[in-house]
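A.B. asks: Sharing query39.cif here; it has mmCIF, N, CA and C atoms.
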```cif
data_start
#
loop_
_atom_site.label_atom_id
_atom_site.label_comp_id
_atom_site.auth_asym_id
_atom_site.auth_seq_id
_atom_site.Cartn_x
_atom_site.Cartn_y
_atom_site.Cartn_z
N ILE A 9 -8.79 -12.17 -20.79
CA ILE A 9 -8.47 -10.90 -20.13
C ILE A 9 -6.96 -10.68 -20.25
N THR A 10 -6.59 -9.48 -20.67
CA THR A 10 -5.18 -9.16 -20.82
C THR A 10 -4.68 -8.36 -19.62
N ALA A 11 -3.38 -8.21 -19.52
CA ALA A 11 -2.78 -7.40 -18.46
C ALA A 11 -3.27 -5.95 -18.56
N ASN A 12 -3.43 -5.45 -19.77
CA ASN A 12 -3.93 -4.08 -19.94
C ASN A 12 -5.37 -3.94 -19.46
N ASP A 13 -6.18 -4.98 -19.64
CA ASP A 13 -7.55 -4.97 -19.12
C ASP A 13 -7.55 -4.87 -17.59
N VAL A 14 -6.70 -5.63 -16.96
CA VAL A 14 -6.61 -5.61 -15.49
C VAL A 14 -6.12 -4.25 -15.02
N LEU A 15 -5.11 -3.70 -15.68
CA LEU A 15 -4.60 -2.38 -15.32
C LEU A 15 -5.69 -1.31 -15.46
N GLU A 16 -6.43 -1.37 -16.55
CA GLU A 16 -7.51 -0.41 -16.75
C GLU A 16 -8.57 -0.54 -15.66
N TYR A 17 -8.93 -1.78 -15.31
CA TYR A 17 -9.91 -2.01 -14.25
C TYR A 17 -9.42 -1.43 -12.93
N LEU A 18 -8.16 -1.71 -12.56
CA LEU A 18 -7.63 -1.22 -11.29
C LEU A 18 -7.55 0.30 -11.27
N ASN A 19 -7.14 0.91 -12.36
CA ASN A 19 -7.11 2.37 -12.44
C ASN A 19 -8.50 2.97 -12.31
N ASP A 20 -9.47 2.39 -13.02
CA ASP A 20 -10.84 2.89 -12.94
C ASP A 20 -11.41 2.73 -11.52
N PHE A 21 -11.13 1.59 -10.89
CA PHE A 21 -11.60 1.33 -9.54
C PHE A 21 -11.02 2.35 -8.56
N ALA A 22 -9.70 2.56 -8.64
CA ALA A 22 -9.03 3.51 -7.75
C ALA A 22 -9.58 4.92 -7.95
N ASP A 23 -9.80 5.31 -9.18
CA ASP A 23 -10.33 6.64 -9.46
C ASP A 23 -11.78 6.79 -9.00
N ASN A 24 -12.59 5.77 -9.25
CA ASN A 24 -14.00 5.81 -8.88
C ASN A 24 -14.20 5.95 -7.38
N PHE A 25 -13.36 5.29 -6.60
CA PHE A 25 -13.50 5.31 -5.14
C PHE A 25 -12.49 6.22 -4.46
N ASN A 26 -11.80 7.06 -5.25
CA ASN A 26 -10.85 8.04 -4.71
C ASN A 26 -9.80 7.38 -3.80
N LEU A 27 -9.21 6.29 -4.28
CA LEU A 27 -8.27 5.51 -3.48
C LEU A 27 -6.80 5.83 -3.73
N ARG A 28 -6.50 6.59 -4.75
CA ARG A 28 -5.09 6.83 -5.10
C ARG A 28 -4.30 7.46 -3.95
N LYS A 29 -4.97 8.27 -3.13
CA LYS A 29 -4.27 8.92 -2.01
C LYS A 29 -3.77 7.91 -0.99
N TYR A 30 -4.30 6.70 -1.02
CA TYR A 30 -3.88 5.66 -0.09
C TYR A 30 -2.84 4.71 -0.67
N ILE A 31 -2.56 4.83 -1.94
CA ILE A 31 -1.64 3.92 -2.62
C ILE A 31 -0.24 4.51 -2.60
N LYS A 32 0.73 3.71 -2.17
CA LYS A 32 2.12 4.16 -2.09
C LYS A 32 2.93 3.50 -3.20
N PHE A 33 3.47 4.31 -4.08
CA PHE A 33 4.37 3.84 -5.11
C PHE A 33 5.80 4.18 -4.69
N ARG A 34 6.76 3.46 -5.23
CA ARG A 34 8.17 3.68 -4.94
C ARG A 34 8.47 3.61 -3.44
N HIS A 35 7.87 2.62 -2.81
CA HIS A 35 8.12 2.31 -1.40
C HIS A 35 8.52 0.85 -1.30
N TYR A 36 9.46 0.56 -0.42
CA TYR A 36 9.90 -0.80 -0.15
C TYR A 36 9.35 -1.20 1.22
N VAL A 37 8.67 -2.33 1.29
CA VAL A 37 8.13 -2.81 2.57
C VAL A 37 9.24 -3.54 3.32
N ASN A 38 9.63 -2.97 4.46
CA ASN A 38 10.64 -3.61 5.31
C ASN A 38 10.06 -4.80 6.05
N TYR A 39 8.87 -4.59 6.65
CA TYR A 39 8.20 -5.71 7.32
C TYR A 39 6.74 -5.38 7.58
N VAL A 40 5.98 -6.45 7.81
CA VAL A 40 4.59 -6.39 8.26
C VAL A 40 4.49 -7.34 9.43
N LYS A 41 4.00 -6.83 10.57
CA LYS A 41 3.90 -7.73 11.73
C LYS A 41 2.66 -7.40 12.55
N PRO A 42 2.06 -8.44 13.15
CA PRO A 42 0.89 -8.21 14.01
C PRO A 42 1.33 -7.55 15.32
N ILE A 43 0.47 -6.66 15.82
CA ILE A 43 0.71 -6.03 17.12
C ILE A 43 -0.56 -6.16 17.95
N ASP A 44 -0.55 -5.59 19.12
CA ASP A 44 -1.70 -5.69 20.04
C ASP A 44 -2.99 -5.21 19.40
N ASN A 45 -4.10 -5.69 19.94
CA ASN A 45 -5.45 -5.27 19.53
C ASN A 45 -5.77 -5.60 18.07
N ASN A 46 -5.25 -6.71 17.58
CA ASN A 46 -5.54 -7.15 16.21
C ASN A 46 -5.20 -6.10 15.16
N LYS A 47 -4.12 -5.38 15.36
CA LYS A 47 -3.64 -4.38 14.41
C LYS A 47 -2.37 -4.90 13.75
N TRP A 48 -1.94 -4.21 12.71
CA TRP A 48 -0.74 -4.56 11.98
C TRP A 48 0.18 -3.36 11.89
N LYS A 49 1.46 -3.58 12.15
CA LYS A 49 2.46 -2.54 11.97
C LYS A 49 3.18 -2.82 10.66
N VAL A 50 3.22 -1.80 9.81
CA VAL A 50 3.88 -1.92 8.51
C VAL A 50 4.97 -0.86 8.46
N GLN A 51 6.20 -1.30 8.24
CA GLN A 51 7.31 -0.36 8.09
C GLN A 51 7.74 -0.34 6.63
N VAL A 52 7.80 0.87 6.06
CA VAL A 52 8.17 1.01 4.66
C VAL A 52 9.31 2.03 4.53
N ARG A 53 10.02 1.90 3.44
CA ARG A 53 11.09 2.84 3.10
C ARG A 53 10.67 3.61 1.86
N ASP A 54 10.55 4.93 2.00
CA ASP A 54 10.25 5.80 0.87
C ASP A 54 11.52 5.90 0.04
N LEU A 55 11.50 5.34 -1.15
CA LEU A 55 12.70 5.26 -1.98
C LEU A 55 13.08 6.60 -2.62
N ILE A 56 12.15 7.51 -2.72
CA ILE A 56 12.45 8.83 -3.28
C ILE A 56 13.12 9.72 -2.23
N HIS A 57 12.55 9.75 -1.04
CA HIS A 57 13.05 10.63 0.02
C HIS A 57 13.99 9.94 1.00
N GLN A 58 14.24 8.64 0.78
CA GLN A 58 15.13 7.86 1.66
C GLN A 58 14.73 8.02 3.12
N LYS A 59 13.45 7.78 3.39
CA LYS A 59 12.91 7.95 4.74
C LYS A 59 12.14 6.69 5.12
N THR A 60 12.31 6.24 6.35
CA THR A 60 11.57 5.08 6.87
C THR A 60 10.36 5.58 7.63
N VAL A 61 9.20 4.95 7.35
CA VAL A 61 7.94 5.36 7.95
C VAL A 61 7.22 4.12 8.48
N ASN A 62 6.58 4.25 9.65
CA ASN A 62 5.77 3.18 10.23
C ASN A 62 4.29 3.55 10.13
N TYR A 63 3.47 2.56 9.79
CA TYR A 63 2.03 2.74 9.73
C TYR A 63 1.37 1.65 10.58
N ILE A 64 0.21 1.97 11.14
CA ILE A 64 -0.61 1.00 11.88
C ILE A 64 -1.92 0.85 11.12
N PHE A 65 -2.30 -0.40 10.84
CA PHE A 65 -3.51 -0.69 10.08
C PHE A 65 -4.39 -1.71 10.80
N ASP A 66 -5.68 -1.67 10.52
CA ASP A 66 -6.62 -2.68 11.03
C ASP A 66 -6.48 -3.98 10.26
N GLY A 67 -6.12 -3.89 9.00
CA GLY A 67 -5.98 -5.08 8.15
C GLY A 67 -4.93 -4.85 7.10
N VAL A 68 -4.44 -5.93 6.53
CA VAL A 68 -3.39 -5.86 5.52
C VAL A 68 -3.72 -6.85 4.41
N MET A 69 -3.52 -6.43 3.16
CA MET A 69 -3.64 -7.32 2.01
C MET A 69 -2.25 -7.47 1.42
N ILE A 70 -1.85 -8.68 1.14
CA ILE A 70 -0.55 -8.94 0.51
C ILE A 70 -0.84 -9.28 -0.95
N CYS A 71 -0.32 -8.46 -1.86
CA CYS A 71 -0.55 -8.65 -3.29
C CYS A 71 0.79 -8.67 -4.00
N ILE A 72 0.97 -9.67 -4.85
CA ILE A 72 2.20 -9.76 -5.62
C ILE A 72 1.89 -9.96 -7.09
N GLY A 73 2.86 -9.75 -7.89
CA GLY A 73 2.63 -10.06 -9.29
C GLY A 73 3.18 -9.03 -10.22
#
```
What do you get writing this file as structure tokens?
C.D. replies:
Amino acid sequence: ITANDVLEYLNDFADNFNLRKYIKFRHYVNYVKPIDNNKWKVQVRDLIHQKTVNYIFDGVMICIG
């Protein structure tokens, strides 16, 4: 499996399940921390608009590479 195969798979998956609207590109993650009620607070910096935004999530996946 090549890197292009993985990229194609991820693009197809995102398109098939209409997930692109949830994916943030050109954002820097300032922090991820647990908060009350088993939730996660994620603070990101929008690098295009130079704006800091906080999100609350039920779960978080950490992916690198």
A.B. asks: Go through A:Asn19, A:Thr10, A:Trp48, A:Leu55 one by one, measure the shortest atom-to-atom distance of each to His35 of chain A using only N, CA and C atoms, and give the residue with the smallest value.
C.D. replies: A:Leu55
A.B. asks: Let me have the centre and edge lengths of the axis-aligned box enclosing all listed atoms of segment 31-47 of chain A with 4 Å padding on every side, in Å to one decimal, as lines of an AutoDock Vina configuration file.
C.D. replies:
```
center_x = 2.4
center_y = -1.8
center_z = 7.4
size_x = 24.4
size_y = 21.3
size_z = 33.3
```
A.B. asks: Would you give me, as a ChimeraX atom specification, the residues in chain A that DSSP reads as strand (DSSP E)?
C.D. replies: /A:35-43,47-54,59-65
A.B. asks: Mind pulling up the distance from atom N of Val37 of chain A to atom N of Arg53 of chain A?
C.D. replies: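 Result for atom N of Arg53 of chain A versus atom N of Val37 of chain A: 4.9 Å, one decimal.
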A.B. asks: Written as a list of chain:residue names, what is the full residue list that the PyMOL selection byres (((chain A and resi 65-73 and name CA) around 9) and name CA) yields on the file shown?
C.D. replies: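 After applying the PyMOL selection byres (((chain A and resi 65-73 and name CA) around 9) and name CA), what remains is A:Val40, A:Asn45, A:Asn46, A:Lys47, A:Trp48, A:Lys49, A:Val50, A:Tyr63, A:Ile64.
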A.B. asks: Please produce a file of those selected residues containing N, CA and C atoms, as a PDB file, in the frame of the given file.
C.D. replies:
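New file out-v4.pdb:
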```
ATOM      1  N   VAL A  40       5.980  -6.450   7.810  1.00  0.00           N
ATOM      2  CA  VAL A  40       4.590  -6.390   8.260  1.00  0.00           C
ATOM      3  C   VAL A  40       4.490  -7.340   9.430  1.00  0.00           C
ATOM      4  N   ASN A  45      -4.100  -5.690  19.940  1.00  0.00           N
ATOM      5  CA  ASN A  45      -5.450  -5.270  19.530  1.00  0.00           C
ATOM      6  C   ASN A  45      -5.770  -5.600  18.070  1.00  0.00           C
ATOM      7  N   ASN A  46      -5.250  -6.710  17.580  1.00  0.00           N
ATOM      8  CA  ASN A  46      -5.540  -7.150  16.210  1.00  0.00           C
ATOM      9  C   ASN A  46      -5.200  -6.100  15.160  1.00  0.00           C
ATOM     10  N   LYS A  47      -4.120  -5.380  15.360  1.00  0.00           N
ATOM     11  CA  LYS A  47      -3.640  -4.380  14.410  1.00  0.00           C
ATOM     12  C   LYS A  47      -2.370  -4.900  13.750  1.00  0.00           C
ATOM     13  N   TRP A  48      -1.940  -4.210  12.710  1.00  0.00           N
ATOM     14  CA  TRP A  48      -0.740  -4.560  11.980  1.00  0.00           C
ATOM     15  C   TRP A  48       0.180  -3.360  11.890  1.00  0.00           C
ATOM     16  N   LYS A  49       1.460  -3.580  12.150  1.00  0.00           N
ATOM     17  CA  LYS A  49       2.460  -2.540  11.970  1.00  0.00           C
ATOM     18  C   LYS A  49       3.180  -2.820  10.660  1.00  0.00           C
ATOM     19  N   VAL A  50       3.220  -1.800   9.810  1.00  0.00           N
ATOM     20  CA  VAL A  50       3.880  -1.920   8.510  1.00  0.00           C
ATOM     21  C   VAL A  50       4.970  -0.860   8.460  1.00  0.00           C
ATOM     22  N   TYR A  63       3.470   2.560   9.790  1.00  0.00           N
ATOM     23  CA  TYR A  63       2.030   2.740   9.730  1.00  0.00           C
ATOM     24  C   TYR A  63       1.370   1.650  10.580  1.00  0.00           C
ATOM     25  N   ILE A  64       0.210   1.970  11.140  1.00  0.00           N
ATOM     26  CA  ILE A  64      -0.610   1.000  11.880  1.00  0.00           C
ATOM     27  C   ILE A  64      -1.920   0.850  11.120  1.00  0.00           C
TER      28      ILE A  64
END
```
A.B. asks: Step by step, work through what the PyMOL selection byres (((chain A and resi 56 and name CA) around 12) and name CA) selects in the shown file, and finish by giving those residues as a PyMOL selection string.
C.D. replies: chain A and resi 32-36+52-55+57-60
A.B. asks: Please indicate the distance in Å from atom N of Lys41 of chain A to atom N of Asn62 of chain A, rounded to one decimal place.
C.D. replies: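 Separation between atom N of Lys41 of chain A and atom N of Asn62 of chain A: 11.4 Å.
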A.B. asks: Please compute the atom C of Val61 of chain A-atom N of Asn38 of chain A distance, one decimal, in Å.
C.D. replies: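 Atom C of Val61 of chain A sits 8.5 Å away from atom N of Asn38 of chain A.
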A.B. asks: If you keep C-alpha atoms, can you output chain A as a CSV table (one decimal), in the first residue's frame?
C.D. replies:
```csv
chain,number,residue,atom,x,y,z
A,9,ILE,CA,0.0,0.0,0.0
A,10,THR,CA,1.4,3.4,-1.0
A,11,ALA,CA,0.8,6.8,0.5
A,12,ASN,CA,-1.3,7.7,-2.5
A,13,ASP,CA,-3.5,4.6,-1.9
A,14,VAL,CA,-4.1,5.8,1.7
A,15,LEU,CA,-4.9,9.3,0.6
A,16,GLU,CA,-7.3,8.0,-2.0
A,17,TYR,CA,-9.0,5.8,0.6
A,18,LEU,CA,-9.4,8.7,3.1
A,19,ASN,CA,-10.7,11.0,0.4
A,20,ASP,CA,-13.2,8.5,-0.8
A,21,PHE,CA,-14.3,7.7,2.8
A,22,ALA,CA,-14.8,11.4,3.6
A,23,ASP,CA,-16.8,12.0,0.5
A,24,ASN,CA,-18.9,8.9,0.8
A,25,PHE,CA,-20.0,9.8,4.4
A,26,ASN,CA,-20.1,13.6,3.8
A,27,LEU,CA,-17.4,14.2,6.4
A,28,ARG,CA,-15.4,17.0,4.9
A,29,LYS,CA,-17.6,19.6,6.6
A,30,TYR,CA,-16.2,18.3,9.9
A,31,ILE,CA,-12.5,18.4,8.9
A,32,LYS,CA,-10.5,21.4,9.8
A,33,PHE,CA,-7.5,22.2,7.6
A,34,ARG,CA,-5.0,25.0,8.4
A,35,HIS,CA,-5.8,24.9,12.1
A,36,TYR,CA,-3.2,24.6,14.9
A,37,VAL,CA,-4.4,22.7,18.0
A,38,ASN,CA,-3.5,24.7,21.1
A,39,TYR,CA,-4.7,22.0,23.5
A,40,VAL,CA,-7.0,19.1,24.1
A,41,LYS,CA,-8.2,18.5,27.7
A,42,PRO,CA,-10.9,16.5,29.5
A,43,ILE,CA,-13.8,18.4,31.1
A,44,ASP,CA,-16.9,17.5,33.1
A,45,ASN,CA,-19.3,14.8,31.9
A,46,ASN,CA,-16.7,12.8,30.0
A,47,LYS,CA,-16.4,15.6,27.3
A,48,TRP,CA,-13.3,17.1,25.7
A,49,LYS,CA,-12.5,20.7,25.2
A,50,VAL,CA,-10.4,21.4,22.1
A,51,GLN,CA,-8.9,24.8,21.5
A,52,VAL,CA,-7.6,25.5,18.0
A,53,ARG,CA,-6.2,28.5,16.1
A,54,ASP,CA,-7.5,29.2,12.7
A,55,LEU,CA,-4.3,30.1,10.8
A,56,ILE,CA,-6.1,31.8,7.9
A,57,HIS,CA,-8.3,34.1,10.0
A,58,GLN,CA,-6.0,34.3,13.0
A,59,LYS,CA,-8.9,33.4,15.3
A,60,THR,CA,-8.9,31.1,18.4
A,61,VAL,CA,-11.9,28.8,18.7
A,62,ASN,CA,-13.0,26.4,21.4
A,63,TYR,CA,-15.0,23.2,20.6
A,64,ILE,CA,-16.6,20.6,23.0
A,65,PHE,CA,-16.6,17.0,21.8
A,66,ASP,CA,-17.9,13.6,23.2
A,67,GLY,CA,-14.7,12.0,21.9
A,68,VAL,CA,-11.3,12.8,20.4
A,69,MET,CA,-9.0,10.9,18.1
A,70,ILE,CA,-5.3,11.9,18.0
A,71,CYS,CA,-3.8,11.2,14.6
A,72,ILE,CA,-0.3,12.0,13.5
A,73,GLY,CA,1.8,11.3,10.5
```
